[in-house]
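Next comes target-v2.cif, a file with mmCIF, C-alpha atoms.
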```cif
data_entry
#
loop_
_atom_site.label_atom_id
_atom_site.label_comp_id
_atom_site.auth_asym_id
_atom_site.auth_seq_id
_atom_site.Cartn_x
_atom_site.Cartn_y
_atom_site.Cartn_z
CA MET A 1 78.83 90.27 117.29
CA LYS A 2 80.79 87.18 116.26
CA SER A 3 83.54 87.76 113.70
CA ILE A 4 83.59 85.92 110.37
CA LYS A 5 86.32 85.81 107.76
CA ILE A 6 86.05 83.89 104.51
CA ILE A 7 89.20 83.13 102.54
CA VAL A 8 88.92 83.44 98.76
CA ALA A 9 91.52 81.04 97.39
CA THR A 10 93.03 82.22 94.11
CA HIS A 11 96.23 81.74 92.15
CA LYS A 12 95.70 84.72 89.85
CA LYS A 13 94.34 88.24 89.73
CA TYR A 14 90.56 88.10 89.48
CA GLU A 15 87.46 90.11 90.33
CA MET A 16 86.94 89.95 94.08
CA PRO A 17 84.04 90.79 96.41
CA GLU A 18 84.28 94.20 98.04
CA ASP A 19 82.49 92.97 101.18
CA GLU A 20 84.75 93.00 104.25
CA LEU A 21 83.66 89.42 104.91
CA TYR A 22 86.15 88.19 102.32
CA LEU A 23 89.94 87.93 102.37
CA PRO A 24 91.44 87.22 98.94
CA LEU A 25 94.38 84.87 99.44
CA HIS A 26 97.09 84.07 96.91
CA VAL A 27 97.45 80.28 97.32
CA GLY A 28 100.66 78.66 96.17
CA ALA A 29 102.43 82.00 96.60
CA HIS A 30 105.71 80.33 97.57
CA ASN A 31 108.46 81.65 95.26
CA LYS A 32 105.86 83.52 93.19
CA GLU A 33 105.59 87.23 92.47
CA SER A 34 102.91 89.20 94.27
CA ILE A 35 99.49 89.52 92.62
CA GLY A 36 98.35 92.08 95.17
CA TYR A 37 96.60 89.79 97.65
CA LYS A 38 97.46 88.34 101.02
CA ARG A 39 99.89 85.45 100.52
CA ASP A 40 99.65 81.92 101.87
CA ASP A 41 103.43 81.69 102.35
CA GLU A 42 103.37 84.03 105.35
CA GLY A 43 103.31 82.87 108.97
CA ASP A 44 102.81 79.16 109.65
CA ASN A 45 102.14 77.75 106.17
CA ILE A 46 102.43 74.89 103.68
CA SER A 47 102.37 77.09 100.58
CA GLU A 48 105.00 75.02 98.79
CA LYS A 49 102.59 72.05 98.79
CA ASN A 50 100.00 73.91 96.68
CA PRO A 51 100.70 72.01 93.41
CA SER A 52 99.32 68.88 95.08
CA PHE A 53 97.26 70.23 98.00
CA CYS A 54 95.41 72.87 95.94
CA GLU A 55 93.20 75.22 97.99
CA LEU A 56 94.12 73.33 101.16
CA THR A 57 97.21 75.52 101.48
CA GLY A 58 94.75 78.37 101.91
CA LEU A 59 92.77 76.42 104.49
CA TYR A 60 95.96 75.63 106.40
CA TYR A 61 96.97 79.30 106.31
CA ALA A 62 93.55 80.36 107.64
CA TRP A 63 93.65 77.69 110.35
CA LYS A 64 97.05 78.77 111.61
CA ASN A 65 97.01 82.52 111.02
CA VAL A 66 93.51 84.00 110.80
CA ARG A 67 91.90 85.08 114.06
CA SER A 68 88.12 84.99 113.78
CA ASP A 69 85.17 83.29 115.52
CA TYR A 70 84.13 81.70 112.23
CA ILE A 71 86.37 80.94 109.27
CA GLY A 72 85.29 80.04 105.75
CA LEU A 73 86.80 79.00 102.44
CA VAL A 74 85.53 79.67 98.92
CA HIS A 75 87.19 79.96 95.51
CA TYR A 76 87.76 82.85 93.13
CA ARG A 77 85.38 81.22 90.67
CA ARG A 78 82.91 79.61 93.07
CA TYR A 79 80.98 81.23 95.94
CA LEU A 80 78.25 80.59 98.47
CA THR A 81 74.97 82.42 97.96
CA LEU A 82 71.42 82.52 99.31
CA LYS A 83 69.98 82.88 95.84
CA ARG A 84 69.76 80.73 92.75
CA VAL A 85 70.97 83.13 90.08
CA LYS A 86 72.40 82.96 86.58
CA GLU A 87 73.20 86.62 85.96
CA ASP A 88 74.85 89.42 87.92
CA LYS A 89 76.51 86.84 90.13
CA PHE A 90 78.99 89.07 91.90
CA ASN A 91 76.13 91.11 93.31
CA ASN A 92 74.56 87.96 94.75
CA ILE A 93 77.52 86.51 96.65
CA LEU A 94 76.82 85.80 100.32
CA THR A 95 77.18 89.05 102.26
CA ASN A 96 78.55 89.84 105.69
CA LYS A 97 75.05 90.56 106.97
CA GLU A 98 73.64 87.33 105.54
CA ALA A 99 76.51 85.28 106.97
CA HIS A 100 75.95 86.71 110.44
CA GLU A 101 72.27 85.80 110.26
CA LEU A 102 73.18 82.24 109.28
CA ILE A 103 75.61 81.65 112.13
CA LYS A 104 73.08 82.72 114.76
CA ASP A 105 71.59 79.22 114.62
CA ASN A 106 74.32 77.21 112.86
CA ASP A 107 77.91 76.22 113.56
CA ILE A 108 78.66 75.10 110.01
CA ILE A 109 77.48 76.46 106.66
CA LEU A 110 77.90 74.20 103.61
CA PRO A 111 77.06 74.32 99.91
CA ASN A 112 74.23 72.07 98.79
CA LYS A 113 75.34 68.52 98.15
CA ARG A 114 76.49 67.54 94.72
CA ASN A 115 74.67 64.45 93.42
CA TYR A 116 76.32 61.85 91.19
CA TYR A 117 73.12 59.84 90.66
CA ILE A 118 74.34 56.83 88.69
CA GLU A 119 77.29 55.74 90.83
CA ASN A 120 78.56 56.01 94.37
CA LEU A 121 81.33 58.36 95.48
CA TYR A 122 84.00 55.68 95.62
CA ASP A 123 83.24 54.37 92.13
CA HIS A 124 83.14 57.88 90.72
CA TYR A 125 86.57 58.57 92.15
CA LYS A 126 87.88 55.20 90.94
CA HIS A 127 86.64 55.78 87.40
CA THR A 128 87.89 59.34 87.05
CA MET A 129 91.08 59.35 89.17
CA TYR A 130 93.74 56.89 90.35
CA VAL A 131 92.16 55.21 93.34
CA GLU A 132 95.30 54.03 95.18
CA PRO A 133 95.62 57.19 97.34
CA LEU A 134 91.98 56.90 98.39
CA ASP A 135 92.48 53.27 99.36
CA GLU A 136 95.57 54.20 101.33
CA THR A 137 93.55 56.90 103.10
CA LYS A 138 91.25 54.19 104.39
CA LYS A 139 94.24 52.32 105.84
CA ILE A 140 95.44 55.47 107.61
CA ILE A 141 92.00 56.12 109.06
CA LYS A 142 91.66 52.52 110.19
CA LYS A 143 95.00 52.76 112.00
CA LYS A 144 94.87 56.29 113.44
CA TYR A 145 91.18 57.24 113.60
CA PRO A 146 89.14 54.02 113.61
CA LYS A 147 85.92 55.67 114.76
CA TYR A 148 85.74 57.35 111.32
CA LEU A 149 86.06 54.10 109.38
CA GLU A 150 82.36 53.28 109.29
CA GLU A 151 81.53 56.63 107.75
CA PHE A 152 84.46 56.41 105.33
CA ASP A 153 83.15 53.07 104.09
CA LYS A 154 79.88 54.76 103.20
CA LEU A 155 81.71 56.24 100.20
CA HIS A 156 80.82 52.89 98.62
CA THR A 157 77.09 53.59 98.98
CA ARG A 158 76.58 57.36 99.13
CA LYS A 159 75.97 59.17 95.85
CA SER A 160 76.11 62.75 97.09
CA ALA A 161 78.54 64.89 99.09
CA HIS A 162 79.42 68.43 100.11
CA MET A 163 82.16 69.10 97.57
CA PHE A 164 84.63 71.82 96.60
CA ASN A 165 86.15 72.34 100.08
CA MET A 166 83.74 75.22 100.64
CA PHE A 167 82.28 76.01 104.05
CA ILE A 168 82.05 78.38 107.00
CA MET A 169 82.90 76.81 110.37
CA ARG A 170 83.00 77.87 113.97
CA LYS A 171 86.68 78.21 114.79
CA ASP A 172 86.88 75.49 117.45
CA ILE A 173 85.29 73.00 115.03
CA LEU A 174 87.66 74.12 112.29
CA ASP A 175 90.63 73.63 114.63
CA ASP A 176 89.65 70.05 115.36
CA TYR A 177 88.75 69.29 111.73
CA CYS A 178 92.03 70.65 110.38
CA LYS A 179 94.11 68.83 112.97
CA TRP A 180 92.41 65.58 111.92
CA LEU A 181 92.46 66.29 108.18
CA PHE A 182 96.05 67.41 107.83
CA ASP A 183 97.33 64.61 110.04
CA ILE A 184 95.74 62.15 107.61
CA LEU A 185 96.98 63.97 104.52
CA PHE A 186 100.54 64.38 105.78
CA GLU A 187 100.63 60.66 106.55
CA LEU A 188 99.29 59.98 103.06
CA GLU A 189 102.01 62.22 101.66
CA LYS A 190 104.67 60.03 103.27
CA LYS A 191 103.19 56.98 101.56
CA PHE A 192 103.24 58.58 98.12
CA LYS A 193 106.41 60.66 98.25
CA ASN A 194 108.05 58.46 95.61
CA LYS A 195 104.93 57.97 93.48
CA LYS A 196 104.87 60.09 90.35
CA TYR A 197 101.58 61.25 88.88
CA ASP A 198 101.21 63.98 86.28
CA SER A 199 100.43 67.53 87.45
CA PHE A 200 96.67 66.96 87.24
CA HIS A 201 96.52 63.67 89.13
CA SER A 202 99.10 64.72 91.71
CA ARG A 203 96.39 66.98 93.17
CA PHE A 204 94.70 64.01 94.82
CA TYR A 205 95.19 65.46 98.31
CA GLY A 206 92.71 68.21 97.56
CA ARG A 207 90.24 65.79 95.99
CA ILE A 208 90.40 63.28 98.81
CA SER A 209 89.87 66.06 101.35
CA GLU A 210 86.57 66.86 99.66
CA LEU A 211 85.37 63.35 100.45
CA LEU A 212 86.70 63.49 104.01
CA LEU A 213 84.66 66.55 104.97
CA ASP A 214 81.40 64.62 105.28
CA VAL A 215 83.22 61.74 106.94
CA TYR A 216 84.25 64.15 109.69
CA ILE A 217 80.92 65.95 109.97
CA ASN A 218 78.76 62.82 109.96
CA THR A 219 80.94 60.87 112.38
CA ASN A 220 80.77 63.71 114.88
CA ASN A 221 77.03 64.28 114.30
CA LEU A 222 77.61 67.96 113.59
CA LYS A 223 74.66 70.05 112.54
CA TYR A 224 74.95 72.26 109.49
CA LYS A 225 72.98 74.55 107.22
CA GLU A 226 73.07 74.11 103.45
CA ILE A 227 72.86 77.04 101.05
CA PHE A 228 73.35 77.49 97.32
CA PHE A 229 76.69 77.82 95.58
CA MET A 230 77.40 79.27 92.17
CA ASP A 231 80.13 79.02 89.57
CA MET A 232 81.27 82.40 88.36
CA GLU A 233 82.34 81.00 84.99
CA LYS A 234 80.36 78.91 82.52
CA ILE A 235 80.81 75.15 82.68
CA ASN A 236 80.77 73.06 79.52
CA TRP A 237 78.39 70.39 80.79
CA LEU A 238 78.43 68.50 77.50
CA LYS A 239 82.20 68.14 77.64
CA LYS A 240 82.11 67.30 81.35
CA GLY A 241 79.40 64.70 80.85
CA THR A 242 81.19 63.13 77.90
CA SER A 243 84.41 62.87 79.89
CA PHE A 244 82.52 61.24 82.75
CA LEU A 245 80.98 58.61 80.46
CA LYS A 246 84.38 57.87 78.91
CA ALA A 247 85.81 57.43 82.41
CA LYS A 248 83.01 55.15 83.57
CA PHE A 249 82.63 52.95 80.52
CA LEU A 250 85.95 53.20 78.65
CA GLY A 251 88.38 53.50 81.56
CA LYS A 252 89.71 56.89 80.44
CA LYS A 253 90.74 58.92 83.50
CA TYR A 254 90.13 62.67 83.64
CA ASP A 255 93.10 64.64 82.43
CA LYS A 256 91.99 68.16 83.38
CA SER A 257 89.47 70.11 85.41
CA PHE A 258 86.21 71.33 83.88
#
```
What is this structure when it is put down as structure tokens?
Amino acid sequence: MKSIKIIVATHKKYEMPEDELYLPLHVGAHNKESIGYKRDDEGDNISEKNPSFCELTGLYYAWKNVRSDYIGLVHYRRYLTLKRVKEDKFNNILTNKEAHELIKDNDIILPNKRNYYIENLYDHYKHTMYVEPLDETKKIIKKKYPKYLEEFDKLHTRKSAHMFNMFIMRKDILDDYCKWLFDILFELEKKFKNKKYDSFHSRFYGRISELLLDVYINTNNLKYKEIFFMDMEKINWLKKGTSFLKAKFLGKKYDKSF
């Protein structure tokens, strides 16, 4: 049987799945006290970059240190599931048995796409965040990985994407993806080392990586299986929607996560 390990990225103590499929990982653990989970500052790591790279420090840790045929990433407050549920969510998280059934015929498991409906991915990013890092990402791709440029440019037309940096991947695909992704992001980091954003907007590396996932998958014509995802905490959709409209029509950037 193929082995699967899914990292649960968290920065605080939280309810965790008991299923052996999951490995709770303290991301951004560098210079922090233990919260009782595996730490992302062990082995080959970039834990100190967590304030700007977000859950990607967990992905990097898994890439470099976890030995498994398939590796996945989810969040302490967001999981993959085969069911559309509103209650008793922790008892409906994707199980080890379900994951093994899925990988029999699939190399990549992704959450259903998130749809933005009224604007494309590039415009949504431009309205809600500072767009300069995304534009610089295009320059890096054009210079270092030109075969991905056509798909990157589709950010100007596509209105949906696999978001949240959540997935399960066959390890050899993950190896290639991470080598590509982190090479781009580290180059981007050099370009913006002297640029100062506030703590919220400095996390653009994590946000840009969300958009790059489909660029990688589509360019390489990789097949995948989509399943549901669920938020473990309630989302204030009214507040989120209002903030989006202010960003789109009044030019007010997001100033916090929802």
Any chance you could work out the residue set of the PyMOL selection byres ((chain A and resi 117) around 12) here, as a list in words?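 On this input, the PyMOL selection byres ((chain A and resi 117) around 12) captures Lys113, Arg114, Asn115, Tyr116, Ile118, Glu119, Asn120, Leu121, Asp123, His124, Thr157, Arg158, Lys159, Ser160 and Ala161 of chain A.
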Take the residues from that selection and write them out as a PDB file, in the frame of the given file, keeping C-alpha atoms.
```pdb
ATOM      1  CA  LYS A 113      75.340  68.520  98.150  1.00  0.00           C
ATOM      2  CA  ARG A 114      76.490  67.540  94.720  1.00  0.00           C
ATOM      3  CA  ASN A 115      74.670  64.450  93.420  1.00  0.00           C
ATOM      4  CA  TYR A 116      76.320  61.850  91.190  1.00  0.00           C
ATOM      5  CA  ILE A 118      74.340  56.830  88.690  1.00  0.00           C
ATOM      6  CA  GLU A 119      77.290  55.740  90.830  1.00  0.00           C
ATOM      7  CA  ASN A 120      78.560  56.010  94.370  1.00  0.00           C
ATOM      8  CA  LEU A 121      81.330  58.360  95.480  1.00  0.00           C
ATOM      9  CA  ASP A 123      83.240  54.370  92.130  1.00  0.00           C
ATOM     10  CA  HIS A 124      83.140  57.880  90.720  1.00  0.00           C
ATOM     11  CA  THR A 157      77.090  53.590  98.980  1.00  0.00           C
ATOM     12  CA  ARG A 158      76.580  57.360  99.130  1.00  0.00           C
ATOM     13  CA  LYS A 159      75.970  59.170  95.850  1.00  0.00           C
ATOM     14  CA  SER A 160      76.110  62.750  97.090  1.00  0.00           C
ATOM     15  CA  ALA A 161      78.540  64.890  99.090  1.00  0.00           C
TER      16      ALA A 161
END
```
All residues 12 Å or closer to Asp135 (chain A), all atoms listed in the file, same chain fewer than 2 positions away omitted, as a ChimeraX atom specification: /A:122-123,125-126,129-133,137-142,149,152-153,155-156,188,191,204,208
CA of Met166 (chain A) to CA of Val74 (chain A): how many Å, to one decimal?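 We find that CA of Met166 (chain A) and CA of Val74 (chain A) lie 5.1 Å from each other.
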Find the distance between CA of Leu134 (chain A) and CA of Asp176 (chain A) and write it in Å to one decimal. 21.6 Å
List every protein, DNA or RNA residue that has an atom no more than 9 Å from (98.3, 84.2, 109.4) in the file's coordinate frame, counting all atoms listed in the file, and report them as a ChimeraX atom specification. /A:40,42-45,61-67
d(CA of Asn91 (chain A), CA of Met163 (chain A)) in Å: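 Taking CA of Asn91 (chain A) as the start and CA of Met163 (chain A) as the end point, the length is 23.2 Å.
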Residues matched by the PyMOL selection byres ((chain A and resi 197) around 12) as a list of chain:residue names: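 What the PyMOL selection byres ((chain A and resi 197) around 12) grabs from the file is A:Pro51, A:Ser52, A:Met129, A:Tyr130, A:Glu132, A:Pro133, A:Phe192, A:Lys193, A:Asn194, A:Lys195, A:Lys196, A:Asp198, A:Ser199, A:Phe200, A:His201, A:Ser202, A:Arg203, A:Phe204, A:Asp255.
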Can those selected residues be exported to a file as a PDB file, keeping the file's coordinate frame so that it contains C-alpha atoms?
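Resulting contents of selection.pdb:
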```
ATOM      1  CA  PRO A  51     100.700  72.010  93.410  1.00  0.00           C
ATOM      2  CA  SER A  52      99.320  68.880  95.080  1.00  0.00           C
ATOM      3  CA  MET A 129      91.080  59.350  89.170  1.00  0.00           C
ATOM      4  CA  TYR A 130      93.740  56.890  90.350  1.00  0.00           C
ATOM      5  CA  GLU A 132      95.300  54.030  95.180  1.00  0.00           C
ATOM      6  CA  PRO A 133      95.620  57.190  97.340  1.00  0.00           C
ATOM      7  CA  PHE A 192     103.240  58.580  98.120  1.00  0.00           C
ATOM      8  CA  LYS A 193     106.410  60.660  98.250  1.00  0.00           C
ATOM      9  CA  ASN A 194     108.050  58.460  95.610  1.00  0.00           C
ATOM     10  CA  LYS A 195     104.930  57.970  93.480  1.00  0.00           C
ATOM     11  CA  LYS A 196     104.870  60.090  90.350  1.00  0.00           C
ATOM     12  CA  ASP A 198     101.210  63.980  86.280  1.00  0.00           C
ATOM     13  CA  SER A 199     100.430  67.530  87.450  1.00  0.00           C
ATOM     14  CA  PHE A 200      96.670  66.960  87.240  1.00  0.00           C
ATOM     15  CA  HIS A 201      96.520  63.670  89.130  1.00  0.00           C
ATOM     16  CA  SER A 202      99.100  64.720  91.710  1.00  0.00           C
ATOM     17  CA  ARG A 203      96.390  66.980  93.170  1.00  0.00           C
ATOM     18  CA  PHE A 204      94.700  64.010  94.820  1.00  0.00           C
ATOM     19  CA  ASP A 255      93.100  64.640  82.430  1.00  0.00           C
TER      20      ASP A 255
END
```
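Near region 29-38 of chain A, within 9 Å and counting only C-alpha atoms, sit His11, Lys12, Lys13, Leu23, Ile46, Ser47, Glu48, Lys49 and Asn50 of chain A; same-chain residues fewer than 6 positions away were not included.
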When the PyMOL selection byres ((chain A and resi 22) around 10) is applied to the file above, which residues end up in the set, as a ChimeraX atom specification? /A:4-8,16-21,23-25,72-74,94-96
